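input.cif, holding mmCIF, N, CA and C atoms:
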data_structure
loop_
_atom_site.label_atom_id
_atom_site.label_comp_id
_atom_site.auth_asym_id
_atom_site.auth_seq_id
_atom_site.Cartn_x
_atom_site.Cartn_y
_atom_site.Cartn_z
N ALA A 24 -37.37 14.63 25.84
CA ALA A 24 -37.86 14.97 27.16
C ALA A 24 -38.57 13.76 27.80
N GLU A 25 -39.33 13.03 26.98
CA GLU A 25 -40.07 11.87 27.49
C GLU A 25 -39.10 10.78 27.96
N PHE A 26 -38.05 10.53 27.16
CA PHE A 26 -37.06 9.53 27.53
C PHE A 26 -36.33 9.93 28.82
N LEU A 27 -36.01 11.20 28.97
CA LEU A 27 -35.34 11.67 30.17
C LEU A 27 -36.22 11.48 31.40
N GLU A 28 -37.50 11.84 31.26
CA GLU A 28 -38.44 11.65 32.38
C GLU A 28 -38.52 10.18 32.77
N HIS A 29 -38.60 9.32 31.78
CA HIS A 29 -38.68 7.88 32.07
C HIS A 29 -37.39 7.38 32.70
N ALA A 30 -36.26 7.86 32.22
CA ALA A 30 -34.97 7.43 32.78
C ALA A 30 -34.85 7.80 34.25
N VAL A 31 -35.29 9.00 34.59
CA VAL A 31 -35.26 9.44 36.00
C VAL A 31 -36.16 8.52 36.83
N GLN A 32 -37.34 8.21 36.32
CA GLN A 32 -38.25 7.34 37.07
C GLN A 32 -37.70 5.93 37.19
N GLU A 33 -37.03 5.44 36.14
CA GLU A 33 -36.43 4.10 36.20
C GLU A 33 -35.33 4.06 37.26
N GLN A 34 -34.55 5.13 37.37
CA GLN A 34 -33.52 5.19 38.41
C GLN A 34 -34.16 5.19 39.80
N GLN A 35 -35.28 5.89 39.94
CA GLN A 35 -36.00 5.88 41.21
C GLN A 35 -36.49 4.47 41.54
N HIS A 36 -36.95 3.74 40.54
CA HIS A 36 -37.39 2.36 40.76
C HIS A 36 -36.22 1.51 41.25
N ALA A 37 -35.08 1.65 40.59
CA ALA A 37 -33.89 0.88 40.99
C ALA A 37 -33.50 1.21 42.42
N ASP A 38 -33.57 2.50 42.77
CA ASP A 38 -33.22 2.90 44.13
C ASP A 38 -34.20 2.31 45.15
N LEU A 39 -35.49 2.33 44.84
CA LEU A 39 -36.50 1.74 45.74
C LEU A 39 -36.25 0.26 45.96
N ILE A 40 -35.99 -0.44 44.86
CA ILE A 40 -35.76 -1.89 44.95
C ILE A 40 -34.49 -2.18 45.74
N ALA A 41 -33.42 -1.43 45.48
CA ALA A 41 -32.17 -1.63 46.22
C ALA A 41 -32.38 -1.36 47.70
N GLU A 42 -33.11 -0.31 48.02
CA GLU A 42 -33.39 0.01 49.42
C GLU A 42 -34.17 -1.13 50.08
N ARG A 43 -35.13 -1.69 49.37
CA ARG A 43 -35.93 -2.79 49.94
C ARG A 43 -35.07 -4.04 50.13
N ILE A 44 -34.18 -4.29 49.21
CA ILE A 44 -33.27 -5.44 49.35
C ILE A 44 -32.44 -5.27 50.62
N VAL A 45 -31.92 -4.07 50.86
CA VAL A 45 -31.14 -3.80 52.07
C VAL A 45 -32.01 -3.97 53.32
N GLN A 46 -33.25 -3.48 53.27
CA GLN A 46 -34.17 -3.62 54.41
C GLN A 46 -34.39 -5.09 54.75
N LEU A 47 -34.33 -5.95 53.74
CA LEU A 47 -34.53 -7.38 53.94
C LEU A 47 -33.21 -8.12 54.19
N ASN A 48 -32.17 -7.33 54.55
CA ASN A 48 -30.85 -7.86 54.87
C ASN A 48 -30.13 -8.48 53.68
N GLY A 49 -30.47 -8.03 52.49
CA GLY A 49 -29.78 -8.49 51.29
C GLY A 49 -28.77 -7.47 50.83
N LYS A 50 -28.10 -7.80 49.74
CA LYS A 50 -27.09 -6.91 49.17
C LYS A 50 -27.42 -6.71 47.69
N PRO A 51 -27.82 -5.50 47.29
CA PRO A 51 -28.14 -5.24 45.88
C PRO A 51 -26.91 -5.48 45.00
N ASN A 52 -27.13 -5.98 43.81
CA ASN A 52 -26.06 -6.25 42.86
C ASN A 52 -26.00 -5.11 41.85
N PHE A 53 -25.01 -4.24 42.00
CA PHE A 53 -24.84 -3.09 41.10
C PHE A 53 -23.72 -3.32 40.08
N ASN A 54 -23.27 -4.55 39.93
CA ASN A 54 -22.15 -4.85 39.05
C ASN A 54 -22.52 -4.60 37.59
N PRO A 55 -21.94 -3.55 36.97
CA PRO A 55 -22.30 -3.25 35.58
C PRO A 55 -21.85 -4.33 34.60
N ALA A 56 -20.84 -5.11 34.96
CA ALA A 56 -20.34 -6.15 34.06
C ALA A 56 -21.37 -7.25 33.82
N THR A 57 -22.26 -7.46 34.79
CA THR A 57 -23.25 -8.53 34.64
C THR A 57 -24.66 -8.01 34.45
N LEU A 58 -24.80 -6.71 34.35
CA LEU A 58 -26.12 -6.10 34.23
C LEU A 58 -26.88 -6.58 33.00
N THR A 59 -26.22 -6.60 31.85
CA THR A 59 -26.89 -7.01 30.62
C THR A 59 -27.39 -8.46 30.72
N ALA A 60 -26.60 -9.33 31.30
CA ALA A 60 -26.99 -10.73 31.44
C ALA A 60 -28.18 -10.90 32.36
N ARG A 61 -28.32 -10.00 33.34
CA ARG A 61 -29.42 -10.10 34.31
C ARG A 61 -30.67 -9.34 33.87
N SER A 62 -30.56 -8.58 32.80
CA SER A 62 -31.68 -7.75 32.34
C SER A 62 -32.78 -8.61 31.74
N HIS A 63 -34.02 -8.17 31.91
CA HIS A 63 -35.15 -8.88 31.31
C HIS A 63 -35.37 -8.46 29.86
N ALA A 64 -34.87 -7.31 29.47
CA ALA A 64 -35.02 -6.81 28.10
C ALA A 64 -33.65 -6.73 27.45
N GLU A 65 -33.63 -6.84 26.13
CA GLU A 65 -32.38 -6.77 25.40
C GLU A 65 -31.99 -5.32 25.17
N TYR A 66 -30.69 -5.06 25.14
CA TYR A 66 -30.19 -3.73 24.84
C TYR A 66 -30.42 -3.44 23.36
N ASP A 67 -30.89 -2.26 23.05
CA ASP A 67 -31.18 -1.88 21.66
C ASP A 67 -30.39 -0.63 21.32
N GLU A 68 -29.68 -0.65 20.20
CA GLU A 68 -28.84 0.47 19.79
C GLU A 68 -29.49 1.31 18.70
N SER A 69 -30.79 1.29 18.60
CA SER A 69 -31.49 2.06 17.57
C SER A 69 -31.12 3.54 17.68
N GLU A 70 -30.98 4.16 16.52
CA GLU A 70 -30.68 5.59 16.49
C GLU A 70 -31.83 6.40 15.89
N GLU A 71 -32.72 5.75 15.18
CA GLU A 71 -33.88 6.43 14.60
C GLU A 71 -34.96 6.52 15.67
N VAL A 72 -35.58 7.67 15.81
CA VAL A 72 -36.50 7.93 16.92
C VAL A 72 -37.64 6.93 16.98
N GLN A 73 -38.29 6.66 15.86
CA GLN A 73 -39.41 5.70 15.88
C GLN A 73 -38.96 4.32 16.33
N ALA A 74 -37.78 3.90 15.90
CA ALA A 74 -37.24 2.60 16.32
C ALA A 74 -36.93 2.60 17.81
N MET A 75 -36.42 3.73 18.32
CA MET A 75 -36.14 3.85 19.76
C MET A 75 -37.43 3.75 20.56
N ILE A 76 -38.48 4.39 20.06
CA ILE A 76 -39.77 4.34 20.76
C ILE A 76 -40.31 2.92 20.76
N ARG A 77 -40.25 2.24 19.60
CA ARG A 77 -40.73 0.84 19.53
C ARG A 77 -39.95 -0.05 20.49
N ALA A 78 -38.61 0.10 20.50
CA ALA A 78 -37.77 -0.71 21.40
C ALA A 78 -38.11 -0.44 22.85
N ASN A 79 -38.35 0.84 23.17
CA ASN A 79 -38.70 1.20 24.53
C ASN A 79 -40.05 0.62 24.92
N LEU A 80 -41.01 0.65 24.00
CA LEU A 80 -42.33 0.06 24.27
C LEU A 80 -42.20 -1.42 24.57
N ILE A 81 -41.40 -2.11 23.79
CA ILE A 81 -41.18 -3.55 24.03
C ILE A 81 -40.55 -3.76 25.41
N ALA A 82 -39.54 -2.95 25.74
CA ALA A 82 -38.87 -3.07 27.04
C ALA A 82 -39.84 -2.79 28.19
N GLU A 83 -40.71 -1.82 28.01
CA GLU A 83 -41.70 -1.51 29.06
C GLU A 83 -42.65 -2.69 29.25
N ARG A 84 -43.07 -3.29 28.16
CA ARG A 84 -43.98 -4.45 28.26
C ARG A 84 -43.29 -5.64 28.92
N VAL A 85 -42.02 -5.83 28.62
CA VAL A 85 -41.25 -6.89 29.28
C VAL A 85 -41.16 -6.60 30.78
N ALA A 86 -40.90 -5.35 31.14
CA ALA A 86 -40.81 -4.97 32.55
C ALA A 86 -42.14 -5.20 33.27
N ILE A 87 -43.23 -4.81 32.62
CA ILE A 87 -44.56 -5.01 33.22
C ILE A 87 -44.79 -6.48 33.52
N GLU A 88 -44.47 -7.33 32.55
CA GLU A 88 -44.67 -8.77 32.77
C GLU A 88 -43.75 -9.29 33.88
N SER A 89 -42.53 -8.79 33.93
CA SER A 89 -41.59 -9.21 34.99
C SER A 89 -42.12 -8.82 36.36
N TYR A 90 -42.62 -7.59 36.49
CA TYR A 90 -43.19 -7.16 37.77
C TYR A 90 -44.43 -7.98 38.12
N ARG A 91 -45.25 -8.27 37.12
CA ARG A 91 -46.45 -9.08 37.36
C ARG A 91 -46.06 -10.45 37.92
N GLN A 92 -45.02 -11.04 37.37
CA GLN A 92 -44.56 -12.35 37.84
C GLN A 92 -44.00 -12.25 39.25
N MET A 93 -43.25 -11.18 39.54
CA MET A 93 -42.71 -11.01 40.90
C MET A 93 -43.83 -10.84 41.91
N ILE A 94 -44.83 -10.06 41.55
CA ILE A 94 -45.97 -9.82 42.45
C ILE A 94 -46.69 -11.13 42.72
N ALA A 95 -46.89 -11.92 41.69
CA ALA A 95 -47.56 -13.22 41.85
C ALA A 95 -46.72 -14.15 42.74
N ALA A 96 -45.41 -14.15 42.54
CA ALA A 96 -44.54 -15.02 43.34
C ALA A 96 -44.52 -14.62 44.80
N ILE A 97 -44.58 -13.33 45.07
CA ILE A 97 -44.57 -12.85 46.46
C ILE A 97 -45.90 -13.15 47.14
N GLY A 98 -46.98 -13.01 46.39
CA GLY A 98 -48.30 -13.28 46.96
C GLY A 98 -48.53 -12.43 48.20
N ASP A 99 -48.96 -13.07 49.27
CA ASP A 99 -49.23 -12.36 50.52
C ASP A 99 -48.08 -12.47 51.52
N LYS A 100 -46.95 -13.04 51.09
CA LYS A 100 -45.83 -13.27 52.01
C LYS A 100 -45.13 -11.99 52.46
N ASP A 101 -45.15 -10.96 51.61
CA ASP A 101 -44.42 -9.72 51.93
C ASP A 101 -45.22 -8.54 51.37
N PRO A 102 -46.20 -8.07 52.13
CA PRO A 102 -47.08 -7.01 51.62
C PRO A 102 -46.35 -5.70 51.30
N THR A 103 -45.28 -5.39 51.99
CA THR A 103 -44.54 -4.15 51.72
C THR A 103 -43.88 -4.21 50.35
N THR A 104 -43.20 -5.31 50.08
CA THR A 104 -42.56 -5.46 48.77
C THR A 104 -43.62 -5.55 47.68
N ARG A 105 -44.69 -6.24 47.95
CA ARG A 105 -45.77 -6.37 46.96
C ARG A 105 -46.31 -4.99 46.59
N GLN A 106 -46.59 -4.14 47.57
CA GLN A 106 -47.13 -2.81 47.29
C GLN A 106 -46.13 -1.95 46.53
N MET A 107 -44.85 -2.07 46.87
CA MET A 107 -43.82 -1.33 46.15
C MET A 107 -43.80 -1.73 44.68
N LEU A 108 -43.84 -3.04 44.43
CA LEU A 108 -43.81 -3.54 43.06
C LEU A 108 -45.06 -3.16 42.28
N ILE A 109 -46.20 -3.16 42.94
CA ILE A 109 -47.44 -2.73 42.28
C ILE A 109 -47.32 -1.26 41.86
N GLY A 110 -46.77 -0.44 42.73
CA GLY A 110 -46.58 0.97 42.39
C GLY A 110 -45.63 1.16 41.23
N ILE A 111 -44.54 0.43 41.23
CA ILE A 111 -43.58 0.51 40.13
C ILE A 111 -44.22 0.03 38.83
N MET A 112 -44.96 -1.07 38.91
CA MET A 112 -45.61 -1.60 37.71
C MET A 112 -46.60 -0.59 37.13
N ALA A 113 -47.29 0.13 37.98
CA ALA A 113 -48.24 1.15 37.50
C ALA A 113 -47.52 2.22 36.70
N VAL A 114 -46.34 2.63 37.16
CA VAL A 114 -45.57 3.63 36.43
C VAL A 114 -45.08 3.05 35.10
N GLU A 115 -44.67 1.78 35.11
CA GLU A 115 -44.25 1.13 33.86
C GLU A 115 -45.40 1.07 32.86
N GLU A 116 -46.60 0.83 33.36
CA GLU A 116 -47.76 0.82 32.46
C GLU A 116 -47.99 2.21 31.86
N GLU A 117 -47.77 3.27 32.66
CA GLU A 117 -47.86 4.64 32.13
C GLU A 117 -46.80 4.87 31.06
N HIS A 118 -45.59 4.38 31.30
CA HIS A 118 -44.52 4.52 30.32
C HIS A 118 -44.91 3.84 29.00
N ALA A 119 -45.45 2.63 29.11
CA ALA A 119 -45.87 1.91 27.90
C ALA A 119 -46.95 2.69 27.17
N ASP A 120 -47.90 3.24 27.90
CA ASP A 120 -48.95 4.06 27.27
C ASP A 120 -48.34 5.27 26.57
N ASP A 121 -47.37 5.90 27.21
CA ASP A 121 -46.70 7.06 26.60
C ASP A 121 -46.03 6.67 25.28
N MET A 122 -45.33 5.54 25.28
CA MET A 122 -44.64 5.09 24.07
C MET A 122 -45.64 4.72 22.97
N ARG A 123 -46.70 4.05 23.36
CA ARG A 123 -47.75 3.71 22.39
C ARG A 123 -48.35 4.96 21.77
N ASP A 124 -48.61 5.96 22.60
CA ASP A 124 -49.17 7.22 22.10
C ASP A 124 -48.21 7.93 21.15
N LEU A 125 -46.91 7.88 21.48
CA LEU A 125 -45.93 8.52 20.60
C LEU A 125 -45.87 7.81 19.24
N LEU A 126 -46.00 6.49 19.25
CA LEU A 126 -45.97 5.75 17.99
C LEU A 126 -47.20 6.06 17.13
N ALA A 127 -48.29 6.39 17.76
CA ALA A 127 -49.54 6.66 17.02
C ALA A 127 -49.53 8.03 16.35
N LYS A 128 -48.58 8.88 16.74
CA LYS A 128 -48.54 10.25 16.18
C LYS A 128 -47.92 10.27 14.80
#

Please express the file's structure as structure tokens.
Amino acid sequence: AEFLEHAVQEQQHADLIAERIVQLNGKPNFNPATLTARSHAEYDESEEVQAMIRANLIAERVAIESYRQMIAAIGDKDPTTRQMLIGIMAVEEEHADDMRDLLAK
């Protein structure tokens, strides 16, 4: 249930970012063939639940750092995008906390 909730939220993040790219007259890249190469985290094929949780925690931490870097790069140049990324990063931090809590059980 936790993974499903996070997956839905991750899709919402992707939709927000794609919408913002379009608002800025860009074209989002949805090409699945190059998705893995563009990802900040590595794909993990773990099948054991604890390993899946650990891999997800690592991916969440990578995402948090990526958003932190994007926010720093944007600075004050684009407050709308900055606020969007801050909101997404906050949810990623919640996801990491959830994974950490699951590992502690």

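In this model, the gap between atom CA of Gly98 of chain A and atom N of Glu117 of chain A comes to 21.9 Å.
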
Could you spell out the hits of the PyMOL selection byres ((chain A and resi 81-90) around 8) on the shown file, as an MDAnalysis selection string?
chainID A and resid 63:65 75:80 91:96 108:109 111:113 115:116 118:120 122

Atomic separation - atom CA of Asn54 of chain A relative to atom CA of His36 of chain A, Å:
16.9 Å

In Å, with one decimal, what is the gap from atom C of Ala60 of chain A to atom CA of Asp38 of chain A?
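Result for atom C of Ala60 of chain A versus atom CA of Asp38 of chain A: 18.8 Å, one decimal.
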
List as a PyMOL selection string: which residues have an atom within 10 Å of (-37.3, 9.6, 28.7), counting only C-alpha atoms?
chain A and resi 24-33+76+79+118+121-122

Which parts of chain A does DSSP call helix (DSSP H, G or I) when run on the backbone here, written out as an NGL selection string?
:A and (25-46 or 55-61 or 72-97 or 102-127)

Result set, the PyMOL selection byres (((chain A and resi 39 and name CA) around 12) and name CA) on current file, as a PyMOL selection string
chain A and resi 32-38+40-46+51+103-104+106-108+110-111
